[in-house]
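Below is the file model.csv, which contains CSV, C-alpha atoms.
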chain,number,residue,atom,x,y,z
A,146,MET,CA,10.2,-12.4,5.4
A,147,PHE,CA,10.4,-9.0,3.6
A,148,LEU,CA,10.7,-7.9,0.0
A,149,LYS,CA,13.9,-6.0,-0.1
A,150,ASN,CA,14.2,-4.7,-3.7
A,151,HIS,CA,11.5,-2.1,-3.3
A,152,TRP,CA,11.3,1.4,-2.1
A,153,TYR,CA,9.8,2.0,1.4
A,154,VAL,CA,8.9,5.1,3.3
A,155,ALA,CA,11.4,5.6,6.1
A,156,GLY,CA,10.0,8.8,7.6
A,157,TYR,CA,8.7,12.3,7.0
A,158,ASP,CA,11.3,14.7,5.6
A,159,HIS,CA,11.0,17.0,8.7
A,160,GLU,CA,12.0,14.1,10.9
A,161,ILE,CA,15.4,13.9,9.3
A,162,THR,CA,17.7,16.5,10.8
A,163,GLN,CA,21.3,16.8,12.0
A,164,ARG,CA,20.2,15.0,15.1
A,165,PRO,CA,20.6,11.2,14.2
A,166,LEU,CA,17.3,9.3,14.1
A,167,GLY,CA,17.3,5.5,14.7
A,168,ARG,CA,14.5,3.4,13.1
A,169,ILE,CA,14.2,-0.3,12.4
A,170,ILE,CA,13.3,-1.0,8.7
A,171,LEU,CA,12.7,-4.6,7.5
A,172,GLY,CA,14.2,-5.8,10.7
A,173,GLN,CA,17.4,-3.8,10.2
A,174,PRO,CA,18.5,-0.9,12.4
A,175,VAL,CA,19.0,2.2,10.3
A,176,VAL,CA,20.2,5.6,11.4
A,177,PHE,CA,19.1,8.7,9.4
A,178,TYR,CA,20.6,12.2,9.4
A,179,ARG,CA,21.3,15.1,7.2
A,180,LEU,CA,24.6,16.5,6.0
A,181,GLN,CA,25.3,20.2,6.4
A,182,ASP,CA,24.1,20.8,2.9
A,183,GLY,CA,20.8,19.1,3.7
A,184,THR,CA,21.5,15.8,1.9
A,185,PRO,CA,19.8,12.9,3.7
A,186,VAL,CA,21.9,9.9,4.7
A,187,ALA,CA,20.9,6.4,5.9
A,188,LEU,CA,23.5,4.0,7.4
A,189,GLU,CA,23.3,0.8,9.3
A,190,ASP,CA,22.6,1.8,12.9
A,191,ARG,CA,25.4,-0.2,14.5
A,192,CYS,CA,29.0,0.8,15.1
A,193,ALA,CA,31.4,-1.7,13.5
A,194,HIS,CA,33.5,-1.6,16.7
A,195,ARG,CA,31.2,-2.7,19.6
A,196,HIS,CA,27.7,-2.5,18.0
A,197,LEU,CA,26.3,0.5,19.8
A,198,PRO,CA,23.5,2.2,17.7
A,199,LEU,CA,25.1,5.1,15.9
A,200,SER,CA,21.9,7.0,16.4
A,201,MET,CA,23.1,7.5,20.0
A,202,GLY,CA,26.0,9.4,18.7
A,203,LYS,CA,26.2,12.9,17.2
A,204,LEU,CA,27.3,14.7,14.0
A,205,ILE,CA,30.7,16.3,13.9
A,206,GLY,CA,30.6,18.3,10.7
A,207,ASP,CA,29.4,15.7,8.2
A,208,SER,CA,30.8,12.7,10.1
A,209,LEU,CA,28.7,10.6,12.5
A,210,GLN,CA,30.5,10.0,15.7
A,211,CYS,CA,29.8,6.9,17.8
A,212,HIS,CA,28.7,7.7,21.4
A,213,TYR,CA,30.8,4.8,22.8
A,214,HIS,CA,34.4,5.1,21.6
A,215,GLY,CA,34.2,8.0,19.2
A,216,LEU,CA,34.7,6.2,15.9
A,217,ARG,CA,33.5,8.5,13.1
A,218,TYR,CA,31.8,7.5,9.8
A,219,ASP,CA,31.3,9.3,6.6
A,220,ARG,CA,28.1,9.4,4.5
A,221,ASN,CA,29.1,6.1,2.8
A,222,GLY,CA,29.4,4.3,6.1
A,223,VAL,CA,33.2,4.2,6.0
A,224,CYS,CA,35.1,4.8,9.2
A,225,VAL,CA,37.2,7.9,8.8
A,226,ARG,CA,38.6,8.3,12.4
A,227,VAL,CA,39.6,6.0,15.2
A,228,PRO,CA,40.5,7.9,18.4
A,229,GLY,CA,44.1,7.1,19.6
A,230,GLN,CA,45.3,5.4,16.4
A,231,ASP,CA,46.2,6.5,12.8
A,232,LEU,CA,45.4,3.1,11.2
A,233,ILE,CA,41.8,2.7,10.3
A,234,PRO,CA,40.9,-1.1,10.0
A,235,ARG,CA,39.4,-1.9,6.6
A,236,SER,CA,36.6,-3.7,8.3
A,237,ALA,CA,35.5,-0.6,10.1
A,238,ARG,CA,32.6,0.2,7.9
A,239,VAL,CA,28.8,-0.1,8.0
A,240,LYS,CA,26.2,-0.5,5.3
A,241,SER,CA,24.8,2.6,3.6
A,242,TYR,CA,21.4,2.6,2.0
A,243,PRO,CA,20.1,4.6,-1.0
A,244,VAL,CA,17.5,7.3,0.0
A,245,VAL,CA,15.4,9.7,-2.0
A,246,GLU,CA,13.3,12.6,-0.7
A,247,ARG,CA,10.0,12.8,-2.5
A,248,TYR,CA,6.4,13.8,-1.7
A,249,ARG,CA,7.5,15.0,1.8
A,250,TRP,CA,8.7,11.5,2.7
A,251,LEU,CA,12.1,10.0,2.8
A,252,TRP,CA,12.2,6.8,0.8
A,253,ILE,CA,14.8,4.0,1.5
A,254,TRP,CA,16.0,1.0,-0.6
A,255,MET,CA,17.0,-1.9,1.6
A,256,GLY,CA,17.9,-4.3,-1.2
A,257,ASP,CA,20.6,-4.4,-3.9
A,258,PRO,CA,21.7,-0.7,-4.4
A,259,ALA,CA,22.6,-1.5,-8.0
A,260,VAL,CA,18.9,-1.8,-8.9
A,261,ALA,CA,17.6,1.1,-6.8
A,262,ASP,CA,15.7,3.1,-9.4
A,263,PRO,CA,14.0,6.3,-8.1
A,264,ASP,CA,11.6,6.1,-11.0
A,265,LYS,CA,10.0,3.1,-9.3
A,266,ILE,CA,8.8,5.2,-6.3
A,267,PRO,CA,5.0,5.1,-6.4
A,268,ASP,CA,3.1,8.3,-7.0
A,269,TYR,CA,2.1,10.3,-3.9
A,270,HIS,CA,2.2,13.7,-5.5
A,271,TRP,CA,-1.0,14.8,-3.6
A,272,PHE,CA,1.2,15.6,-0.6
A,273,ALA,CA,3.2,18.2,-2.6
A,274,ASP,CA,0.7,19.4,-5.1
A,275,PRO,CA,-0.8,22.9,-4.5
A,276,ASN,CA,-4.1,21.9,-6.1
A,277,TRP,CA,-4.7,19.6,-3.1
A,278,GLY,CA,-5.0,20.2,0.6
A,279,ALA,CA,-3.1,17.4,2.2
A,280,LYS,CA,-1.5,16.2,5.4
A,281,GLY,CA,0.4,13.1,6.5
A,282,GLU,CA,0.3,11.2,9.8
A,283,TYR,CA,2.1,8.2,11.4
A,284,LEU,CA,1.0,5.3,13.4
A,285,HIS,CA,3.2,2.7,15.0
A,286,VAL,CA,1.4,-0.7,14.8
A,287,GLU,CA,2.1,-3.8,16.8
A,288,ALA,CA,1.2,-6.1,13.9
A,289,ASN,CA,2.6,-7.6,10.7
A,290,TRP,CA,2.4,-5.2,7.7
A,291,GLN,CA,0.2,-7.6,5.6
A,292,LEU,CA,-2.6,-7.4,8.1
A,293,ILE,CA,-2.8,-3.7,7.3
A,294,VAL,CA,-2.7,-4.3,3.6
A,295,ASP,CA,-5.5,-6.8,3.9
A,296,ASN,CA,-7.6,-4.3,5.8
A,297,LEU,CA,-7.2,-1.5,3.3
A,298,LEU,CA,-8.2,-3.7,0.4
A,299,ASP,CA,-11.4,-4.8,2.1
A,300,LEU,CA,-14.4,-2.6,2.1
A,301,THR,CA,-16.8,-4.8,3.9
A,302,HIS,CA,-15.1,-4.4,7.4
A,303,LEU,CA,-16.3,-0.8,7.4
A,304,ALA,CA,-19.8,-2.0,8.3
A,305,PHE,CA,-18.6,-3.7,11.4
A,306,VAL,CA,-15.3,-2.2,12.7
A,307,HIS,CA,-16.4,1.3,11.9
A,308,GLU,CA,-20.1,0.8,12.7
A,309,THR,CA,-20.2,4.0,14.7
A,310,THR,CA,-17.9,6.1,12.6
A,311,ILE,CA,-17.8,5.7,8.8
A,312,GLY,CA,-19.5,2.3,8.1
A,313,ASN,CA,-23.0,1.1,7.3
A,314,ALA,CA,-24.6,-2.3,6.6
A,315,ALA,CA,-25.3,-1.5,3.0
A,316,LEU,CA,-21.6,-1.8,2.3
A,317,VAL,CA,-21.9,-5.5,2.7
A,318,ASP,CA,-25.5,-6.4,1.8
A,319,GLN,CA,-25.9,-4.4,-1.3
A,320,ALA,CA,-22.4,-3.8,-2.8
A,321,MET,CA,-21.2,-4.6,-6.2
A,322,VAL,CA,-17.4,-4.8,-6.0
A,323,LYS,CA,-15.1,-5.1,-9.1
A,324,VAL,CA,-11.6,-6.4,-8.5
A,325,GLN,CA,-9.2,-5.8,-11.4
A,326,ARG,CA,-5.9,-7.6,-11.3
A,327,SER,CA,-3.0,-6.9,-13.6
A,328,HIS,CA,0.6,-8.3,-13.4
A,329,ASP,CA,1.7,-5.9,-10.6
A,330,SER,CA,-1.4,-4.2,-9.3
A,331,VAL,CA,-4.9,-4.7,-7.9
A,332,THR,CA,-7.8,-2.2,-8.1
A,333,VAL,CA,-10.9,-2.7,-6.1
A,334,THR,CA,-13.8,-0.5,-7.3
A,335,ARG,CA,-17.2,0.2,-5.9
A,336,TRP,CA,-19.8,2.6,-7.4
A,337,ILE,CA,-22.9,3.8,-5.6
A,338,ILE,CA,-25.1,5.5,-8.3
A,339,ASP,CA,-27.9,7.9,-7.7
A,340,ALA,CA,-27.9,7.8,-3.9
A,341,PRO,CA,-28.1,10.5,-1.2
A,342,ALA,CA,-24.8,12.0,-0.3
A,343,PRO,CA,-23.6,11.3,3.3
A,344,PRO,CA,-23.7,14.3,5.6
A,345,THR,CA,-19.9,15.0,5.4
A,346,PHE,CA,-20.1,15.0,1.6
A,347,VAL,CA,-23.1,17.4,1.6
A,348,LYS,CA,-21.2,19.7,3.8
A,349,ALA,CA,-18.1,19.6,1.7
A,350,GLY,CA,-19.7,19.5,-1.8
A,351,ARG,CA,-22.8,21.5,-1.1
A,352,PHE,CA,-24.9,18.8,-2.9
A,353,THR,CA,-28.6,19.5,-3.1
A,354,ALA,CA,-29.7,16.2,-4.8
A,355,ASN,CA,-28.5,12.6,-5.2
A,356,VAL,CA,-24.9,11.8,-6.2
A,357,ASP,CA,-22.8,9.2,-7.8
A,358,ARG,CA,-20.1,8.0,-5.4
A,359,TRP,CA,-17.0,6.0,-6.0
A,360,GLN,CA,-14.5,4.2,-3.9
A,361,VAL,CA,-11.4,3.0,-5.8
A,362,ILE,CA,-8.6,1.2,-4.0
A,363,ASP,CA,-5.3,0.9,-5.8
A,364,PHE,CA,-2.7,-1.5,-4.5
A,365,ALA,CA,0.9,-1.6,-5.6
A,366,PRO,CA,3.4,-3.9,-4.0
A,367,PRO,CA,4.7,-4.3,-1.4
A,368,ALA,CA,2.4,-2.1,0.6
A,369,PHE,CA,1.2,1.0,-1.1
A,370,LEU,CA,-2.5,1.7,-1.1
A,371,ARG,CA,-4.1,4.8,-2.5
A,372,LEU,CA,-7.9,5.2,-2.0
A,373,ASP,CA,-9.7,7.5,-4.4
A,374,VAL,CA,-13.0,8.5,-2.9
A,375,GLY,CA,-15.5,11.1,-4.1
A,376,ALA,CA,-18.9,12.1,-5.4
A,377,THR,CA,-20.5,14.2,-8.2
A,378,PRO,CA,-24.1,15.1,-8.9
A,379,THR,CA,-25.9,12.1,-10.4
A,380,GLY,CA,-25.8,11.8,-14.2
A,381,THR,CA,-22.9,14.2,-14.7
A,382,GLY,CA,-20.6,11.4,-16.0
A,383,ALA,CA,-18.3,10.4,-13.2
A,384,PRO,CA,-18.6,6.6,-14.0
A,385,GLN,CA,-17.4,7.5,-17.5
A,386,GLY,CA,-14.4,9.4,-16.1
A,387,LYS,CA,-15.9,12.9,-16.2
A,388,ARG,CA,-15.7,14.4,-12.7
A,389,VAL,CA,-17.4,17.8,-12.5
A,390,ASP,CA,-18.9,19.8,-9.7
A,391,GLY,CA,-18.0,17.2,-7.1
A,392,ILE,CA,-15.5,16.5,-4.4
A,393,GLU,CA,-12.5,14.2,-4.5
A,394,MET,CA,-10.4,12.8,-1.7
A,395,TRP,CA,-7.4,10.5,-1.6
A,396,ASN,CA,-6.5,8.5,1.4
A,397,LEU,CA,-2.9,7.7,1.0
A,398,ASN,CA,-1.2,4.8,2.7
A,399,ALA,CA,2.4,3.4,2.8
A,400,ILE,CA,3.2,0.6,5.2
A,401,THR,CA,6.8,-0.2,6.0
A,402,PRO,CA,7.6,-3.4,7.9
A,403,GLU,CA,9.5,-2.7,11.1
A,404,THR,CA,9.8,-6.3,12.2
A,405,GLU,CA,7.8,-9.4,11.4
A,406,SER,CA,5.3,-8.3,14.1
A,407,THR,CA,5.4,-4.5,14.0
A,408,SER,CA,4.9,-1.9,11.3
A,409,HIS,CA,5.4,1.8,10.5
A,410,TYR,CA,2.2,3.0,9.1
A,411,PHE,CA,2.5,6.3,7.1
A,412,TRP,CA,-0.8,7.6,6.0
A,413,GLY,CA,-2.4,10.9,5.0
A,414,GLN,CA,-5.4,12.5,3.4
A,415,ALA,CA,-5.8,14.9,0.4
A,416,HIS,CA,-8.8,16.8,-0.7
A,417,ASN,CA,-9.6,19.0,-3.7
A,418,TRP,CA,-11.9,21.6,-2.1
A,419,ASP,CA,-11.0,24.3,0.4
A,420,VAL,CA,-7.4,23.4,-0.3
A,421,GLU,CA,-5.8,26.4,1.4
A,422,ASN,CA,-7.8,25.9,4.6
A,423,PRO,CA,-5.7,23.8,7.1
A,424,SER,CA,-8.7,23.4,9.4
A,425,THR,CA,-10.5,21.4,6.6
A,426,THR,CA,-7.5,19.2,6.3
A,427,ASP,CA,-7.3,18.8,10.1
A,428,MET,CA,-11.0,18.0,10.3
A,429,LEU,CA,-10.7,15.2,7.7
A,430,ILE,CA,-7.5,13.8,9.3
A,431,GLU,CA,-9.2,13.8,12.7
A,432,GLN,CA,-12.2,11.8,11.4
A,433,ILE,CA,-10.0,9.3,9.6
A,434,ARG,CA,-7.6,8.9,12.5
A,435,THR,CA,-10.5,7.9,14.7
A,436,ALA,CA,-11.5,5.2,12.2
A,437,PHE,CA,-7.9,4.1,11.7
A,438,LEU,CA,-7.4,3.7,15.5
A,439,GLU,CA,-10.4,1.3,15.4
A,440,ASP,CA,-8.5,-0.7,12.7
A,441,VAL,CA,-5.3,-0.7,14.7
A,442,ALA,CA,-7.1,-2.3,17.6
A,443,VAL,CA,-8.1,-5.0,15.1
A,444,PHE,CA,-4.6,-5.6,13.6
A,445,GLU,CA,-3.0,-5.8,17.1
A,446,ALA,CA,-5.6,-8.3,18.3
A,447,GLN,CA,-5.1,-10.4,15.2
A,448,GLN,CA,-1.3,-10.3,15.7
A,449,ARG,CA,-1.7,-11.5,19.3
A,450,ASN,CA,-3.7,-14.4,18.1
A,451,LEU,CA,-1.3,-15.2,15.3
A,452,GLU,CA,1.5,-15.3,17.8
A,453,LEU,CA,-0.4,-17.8,20.0
A,454,ILE,CA,-1.4,-19.9,17.0
A,455,PRO,CA,1.1,-19.5,14.1
A,456,ASN,CA,-0.1,-20.2,10.6
A,457,PRO,CA,-3.6,-21.3,11.5
A,458,PRO,CA,-5.9,-22.4,8.7
A,459,GLN,CA,-8.1,-19.6,7.5
A,460,THR,CA,-11.4,-19.3,5.6
A,461,ASP,CA,-11.8,-17.0,2.6
A,462,ILE,CA,-15.0,-15.4,1.6
A,463,ASN,CA,-16.1,-13.6,-1.6
A,464,ALA,CA,-15.2,-10.2,-0.1
A,465,ASP,CA,-11.6,-11.3,0.2
A,466,SER,CA,-11.0,-11.3,-3.6
A,467,GLY,CA,-8.9,-8.1,-3.6
A,468,VAL,CA,-6.9,-9.3,-0.6
A,469,ILE,CA,-6.2,-12.7,-2.3
A,470,ALA,CA,-5.2,-11.0,-5.5
A,471,ALA,CA,-2.7,-8.8,-3.7
A,472,ARG,CA,-1.3,-11.8,-1.7
A,473,ARG,CA,-0.8,-13.7,-5.0
A,474,ILE,CA,1.3,-10.8,-6.3
A,475,LEU,CA,3.3,-10.7,-3.1
A,476,ASP,CA,3.9,-14.4,-3.1
A,477,ARG,CA,5.2,-14.2,-6.7
A,478,LEU,CA,7.5,-11.4,-5.8
A,479,HIS,CA,8.8,-13.3,-2.8
A,480,GLN,CA,9.6,-16.3,-5.1
A,481,GLU,CA,11.3,-14.1,-7.7
A,482,GLU,CA,13.4,-12.4,-5.1
A,483,LYS,CA,14.4,-15.7,-3.5
A,484,ALA,CA,15.3,-17.1,-6.9
A,485,ALA,CA,17.4,-14.0,-7.8
A,486,ALA,CA,19.2,-14.3,-4.4
A,487,LYS,CA,20.0,-18.0,-5.1
A,488,MET,CA,21.5,-17.1,-8.5
A,489,VAL,CA,23.7,-14.4,-7.0
A,490,ALA,CA,24.8,-16.9,-4.3
A,491,ALA,CA,25.6,-19.5,-6.9
A,492,GLU,CA,27.7,-17.0,-8.8
B,8,MET,CA,-29.2,-5.9,-5.4
B,9,LYS,CA,-27.1,-8.4,-3.5
B,10,PHE,CA,-23.4,-8.4,-2.7
B,11,HIS,CA,-21.4,-9.7,-5.5
B,12,VAL,CA,-17.8,-9.5,-6.7
B,13,GLU,CA,-16.6,-9.2,-10.2
B,14,LEU,CA,-13.1,-10.3,-11.0
B,15,VAL,CA,-11.3,-9.0,-14.0
B,16,TRP,CA,-7.8,-9.8,-15.3
B,17,LYS,CA,-6.3,-6.7,-16.9
B,18,HIS,CA,-3.6,-6.7,-19.6
B,19,GLY,CA,-1.4,-3.6,-19.4
B,20,ASP,CA,-3.3,-0.4,-19.2
B,21,GLU,CA,-6.1,-1.1,-21.6
B,22,ARG,CA,-7.3,-4.6,-22.3
B,23,GLU,CA,-9.7,-6.2,-19.9
B,24,VAL,CA,-10.9,-9.7,-20.5
B,25,SER,CA,-14.3,-11.0,-19.6
B,26,SER,CA,-15.3,-11.4,-16.0
B,27,ILE,CA,-15.7,-13.9,-13.3
B,28,PHE,CA,-18.6,-13.2,-10.9
B,29,LEU,CA,-18.7,-14.5,-7.4
B,30,THR,CA,-22.4,-14.5,-6.2
B,31,PRO,CA,-23.8,-14.6,-2.7
B,32,ASP,CA,-25.3,-18.0,-3.3
B,33,GLY,CA,-21.8,-19.5,-3.7
B,34,ARG,CA,-21.7,-19.8,-7.5
B,35,ILE,CA,-18.9,-18.7,-9.8
B,36,ILE,CA,-20.3,-17.4,-13.1
B,37,LEU,CA,-18.1,-16.9,-16.1
B,38,GLN,CA,-18.8,-14.3,-18.8
B,39,GLY,CA,-18.6,-15.6,-22.3
B,40,ARG,CA,-20.5,-16.2,-25.5
B,41,ALA,CA,-23.0,-19.0,-26.0
B,42,VAL,CA,-21.8,-21.5,-28.7
B,43,PRO,CA,-24.6,-21.9,-31.3
B,44,ARG,CA,-25.7,-25.2,-32.8
B,45,GLU,CA,-24.1,-24.6,-36.2
B,46,GLN,CA,-20.7,-24.0,-34.5
B,47,ARG,CA,-21.0,-27.1,-32.4
B,48,GLU,CA,-21.8,-29.2,-35.5
B,49,ALA,CA,-18.9,-27.6,-37.4
B,50,LEU,CA,-16.5,-28.3,-34.5
B,51,SER,CA,-17.9,-31.7,-33.6
B,52,LEU,CA,-18.8,-30.5,-30.1
B,53,PRO,CA,-21.7,-32.1,-28.1
B,54,LEU,CA,-25.1,-30.7,-29.1
B,55,GLU,CA,-26.7,-31.1,-25.7
B,56,GLY,CA,-26.4,-28.8,-22.7
B,57,ASP,CA,-25.4,-25.1,-22.5
B,58,MET,CA,-21.9,-24.3,-23.7
B,59,VAL,CA,-20.0,-21.0,-23.4
B,60,SER,CA,-16.9,-19.8,-25.3
B,61,VAL,CA,-14.6,-17.8,-23.1
B,62,ASP,CA,-11.6,-15.5,-23.7
B,63,ARG,CA,-8.4,-17.5,-23.4
B,64,ASP,CA,-7.1,-14.9,-20.9
B,65,LEU,CA,-10.1,-15.7,-18.7
B,66,ILE,CA,-8.2,-19.0,-17.9
B,67,GLN,CA,-5.3,-16.8,-16.6
B,68,ALA,CA,-7.8,-14.9,-14.5
B,69,ILE,CA,-9.2,-18.2,-13.1
B,70,LYS,CA,-5.7,-19.5,-12.3
B,71,ASP,CA,-4.6,-16.2,-10.7
B,72,MET,CA,-7.7,-14.9,-9.0
B,73,LEU,CA,-9.7,-17.9,-7.7
How would this structure read if it were set down as structure tokens?
Amino acid sequence: MFLKNHWYVAGYDHEITQRPLGRIILGQPVVFYRLQDGTPVALEDRCAHRHLPLSMGKLIGDSLQCHYHGLRYDRNGVCVRVPGQDLIPRSARVKSYPVVERYRWLWIWMGDPAVADPDKIPDYHWFADPNWGAKGEYLHVEANWQLIVDNLLDLTHLAFVHETTIGNAALVDQAMVKVQRSHDSVTVTRWIIDAPAPPTFVKAGRFTANVDRWQVIDFAPPAFLRLDVGATPTGTGAPQGKRVDGIEMWNLNAITPETESTSHYFWGQAHNWDVENPSTTDMLIEQIRTAFLEDVAVFEAQQRNLELIPNPPQTDINADSGVIAARRILDRLHQEEKAAAKMVAAE
Amino acid sequence: MKFHVELVWKHGDEREVSSIFLTPDGRIILQGRAVPREQREALSLPLEGDMVSVDRDLIQAIKDML
């Protein structure tokens, strides 16, 4: 089941061109393309006539022509031409979806268009901010989206899944983790005070002594996770909010359900040093991609087990507190959406 | 130092209520203020044992986070 009345990332802006792109979002086939003036459009990817994906067709001017029998649709999904007849049946139309281009992503609203408010798009300004070096990536994951959300809210798996890349045992044995829950967000924070900087931090921040490090994970429903990571020289006030002479990175994640068992995983990395040097960005992306592929192997193995044994009982441990808090928010939002749909149906 | 988790319920952007601590030995420890003898007498509360006064919002945190 999916939360529909939310914005989701549908793709990178450069993916949307005048060549139609088909993508499944929340279990629905959607076709994306651009009008001649560059405006992005999203329509149901199914001809109203014989159901061929419209993404197999082509644009004629600003109309999307079906590859099968040549029916043409406008940007609103209304059929504007049927070859061989003047009368266009009123039923010849497909759904259109609100879309917004922001932060180099194309965002789509799959729910009630009347409540699609672009102000509710979460902040990912780092991708478009000249004060940051940033780059985005995409992974197709053969697993339910919530498994990815769980993973990103959990710091302790780093010691095991990423044992040979970015993890260490101290993350589990000696960590103090703070989980802050508000009505619609969860923040998981961990500080490491007065400790040696890891080699990658020394290289990037040119630290010569111990540092104060932070890892702050921010979750916003349904599946937006922004990880604020960095270090400053010890005692310069970072825990009090004063970040000077240090380095900061944001690991930016937006997960869009494709189906119940597959996900579009949009992620990227931003850094505040050497911002105009693409090789620094590429080096960070490369390191993180290696770690993320270790995670993907975990998600996909979990998914295979969950398909063999649906809804098995599971055990929670202290380290799951952030995950549990996020799931509670999602459960509440599901209930609210269900109740709202019931009311609409009753009317 | 051992692994522990601090749970905090946050109201809006500013107000944080007192915390719940999950400790590695399996205990759940609540943050609050001890209730002194004179208050217990004034409020007709039992005088024996330790008592702690907690923020009302901590109950919300317990309901939503445990």
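With only the atoms specified (all atoms listed in the file) counting, those residues at most 12 Å away from (2.3, -12.5, -14.2) are Arg326, Ser327, His328, Asp329, Ser330, Ala470, Arg473, Ile474, Leu475, Asp476, Arg477, Leu478 and Glu481 of chain A; Trp16, Lys17, His18, Gly19, Asp64, Gln67, Ala68, Lys70, Asp71 and Met72 of chain B.
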Exercise. For Arg63 (chain B), please output as a list in words all residues within 12 Å (counting all atoms listed in the file; exclusion window: fewer than 2 positions along the same chain).
Key: Trp16, Glu23, Val24, Ser25, Ser26, Gln38, Gly39, Ser60, Val61, Leu65, Ile66, Gln67, Ala68, Ile69 and Lys70 of chain B
Against chain B, which residues of chain A fall within 12 Å? For each one I want the closest pair of atoms and the distance in Å (one decimal), counting all atoms listed in the file, rows by chain and increasing residue number, as JSON lines.
{"residue": "A:Asp299", "atom": "CA", "partner": "B:Val12", "partner_atom": "CA", "distance": 11.9}
{"residue": "A:Leu300", "atom": "CA", "partner": "B:Val12", "partner_atom": "CA", "distance": 11.7}
{"residue": "A:Thr301", "atom": "CA", "partner": "B:Phe10", "partner_atom": "CA", "distance": 10.0}
{"residue": "A:Ala314", "atom": "CA", "partner": "B:Phe10", "partner_atom": "CA", "distance": 11.2}
{"residue": "A:Ala315", "atom": "CA", "partner": "B:Phe10", "partner_atom": "CA", "distance": 9.1}
{"residue": "A:Leu316", "atom": "CA", "partner": "B:Phe10", "partner_atom": "CA", "distance": 8.5}
{"residue": "A:Val317", "atom": "CA", "partner": "B:Phe10", "partner_atom": "CA", "distance": 6.3}
{"residue": "A:Asp318", "atom": "CA", "partner": "B:Phe10", "partner_atom": "CA", "distance": 5.4}
{"residue": "A:Gln319", "atom": "CA", "partner": "B:Lys9", "partner_atom": "CA", "distance": 4.7}
{"residue": "A:Ala320", "atom": "CA", "partner": "B:Phe10", "partner_atom": "CA", "distance": 4.7}
{"residue": "A:Met321", "atom": "CA", "partner": "B:His11", "partner_atom": "CA", "distance": 5.2}
{"residue": "A:Val322", "atom": "CA", "partner": "B:Val12", "partner_atom": "CA", "distance": 4.8}
{"residue": "A:Lys323", "atom": "CA", "partner": "B:Glu13", "partner_atom": "CA", "distance": 4.5}
{"residue": "A:Val324", "atom": "CA", "partner": "B:Leu14", "partner_atom": "CA", "distance": 4.9}
{"residue": "A:Gln325", "atom": "CA", "partner": "B:Val15", "partner_atom": "CA", "distance": 4.6}
{"residue": "A:Arg326", "atom": "CA", "partner": "B:Trp16", "partner_atom": "CA", "distance": 4.9}
{"residue": "A:Ser327", "atom": "CA", "partner": "B:Lys17", "partner_atom": "CA", "distance": 4.7}
{"residue": "A:His328", "atom": "CA", "partner": "B:His18", "partner_atom": "CA", "distance": 7.7}
{"residue": "A:Asp329", "atom": "CA", "partner": "B:Gly19", "partner_atom": "CA", "distance": 9.6}
{"residue": "A:Ser330", "atom": "CA", "partner": "B:Lys17", "partner_atom": "CA", "distance": 9.4}
{"residue": "A:Val331", "atom": "CA", "partner": "B:Lys17", "partner_atom": "CA", "distance": 9.3}
{"residue": "A:Thr332", "atom": "CA", "partner": "B:Val15", "partner_atom": "CA", "distance": 9.7}
{"residue": "A:Val333", "atom": "CA", "partner": "B:Leu14", "partner_atom": "CA", "distance": 9.3}
{"residue": "A:Thr334", "atom": "CA", "partner": "B:Glu13", "partner_atom": "CA", "distance": 9.6}
{"residue": "A:Arg335", "atom": "CA", "partner": "B:Val12", "partner_atom": "CA", "distance": 9.8}
{"residue": "A:Ile337", "atom": "CA", "partner": "B:Met8", "partner_atom": "CA", "distance": 11.6}
{"residue": "A:Asp461", "atom": "CA", "partner": "B:Leu73", "partner_atom": "CA", "distance": 10.6}
{"residue": "A:Ile462", "atom": "CA", "partner": "B:Gly33", "partner_atom": "CA", "distance": 9.5}
{"residue": "A:Asn463", "atom": "CA", "partner": "B:Leu29", "partner_atom": "CA", "distance": 6.4}
{"residue": "A:Ala464", "atom": "CA", "partner": "B:Val12", "partner_atom": "CA", "distance": 7.1}
{"residue": "A:Asp465", "atom": "CA", "partner": "B:Val12", "partner_atom": "CA", "distance": 9.4}
{"residue": "A:Ser466", "atom": "CA", "partner": "B:Met72", "partner_atom": "CA", "distance": 7.3}
{"residue": "A:Gly467", "atom": "CA", "partner": "B:Met72", "partner_atom": "CA", "distance": 8.8}
{"residue": "A:Val468", "atom": "CA", "partner": "B:Met72", "partner_atom": "CA", "distance": 10.1}
{"residue": "A:Ile469", "atom": "CA", "partner": "B:Met72", "partner_atom": "CA", "distance": 7.2}
{"residue": "A:Ala470", "atom": "CA", "partner": "B:Met72", "partner_atom": "CA", "distance": 5.8}
{"residue": "A:Ala471", "atom": "CA", "partner": "B:Met72", "partner_atom": "CA", "distance": 9.5}
{"residue": "A:Arg472", "atom": "CA", "partner": "B:Met72", "partner_atom": "CA", "distance": 10.2}
{"residue": "A:Arg473", "atom": "CA", "partner": "B:Asp71", "partner_atom": "CA", "distance": 7.3}
{"residue": "A:Ile474", "atom": "CA", "partner": "B:Asp71", "partner_atom": "CA", "distance": 9.1}
{"residue": "A:Asp476", "atom": "CA", "partner": "B:Asp71", "partner_atom": "CA", "distance": 11.5}
{"residue": "A:Arg477", "atom": "CA", "partner": "B:Asp71", "partner_atom": "CA", "distance": 10.8}
Quiz item: What does the distance from CA of Glu482 (chain A) to CA of Val260 (chain A) come to in Å, to one decimal?
Solution: 12.5 Å
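CA of Val227 (chain A) to CA of Pro258 (chain A) spans 27.4 Å [interatomic distance, one decimal].
Between CA of Lys240 (chain A) and CA of Glu189 (chain A) there is a distance of 5.1 Å.
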Self-check item: Minimum-distance residue to Tyr248 (chain A), chosen among A:Ala288, A:Leu451, A:Leu209, A:Val154 (using all atoms listed in the file)
Solution: A:Val154
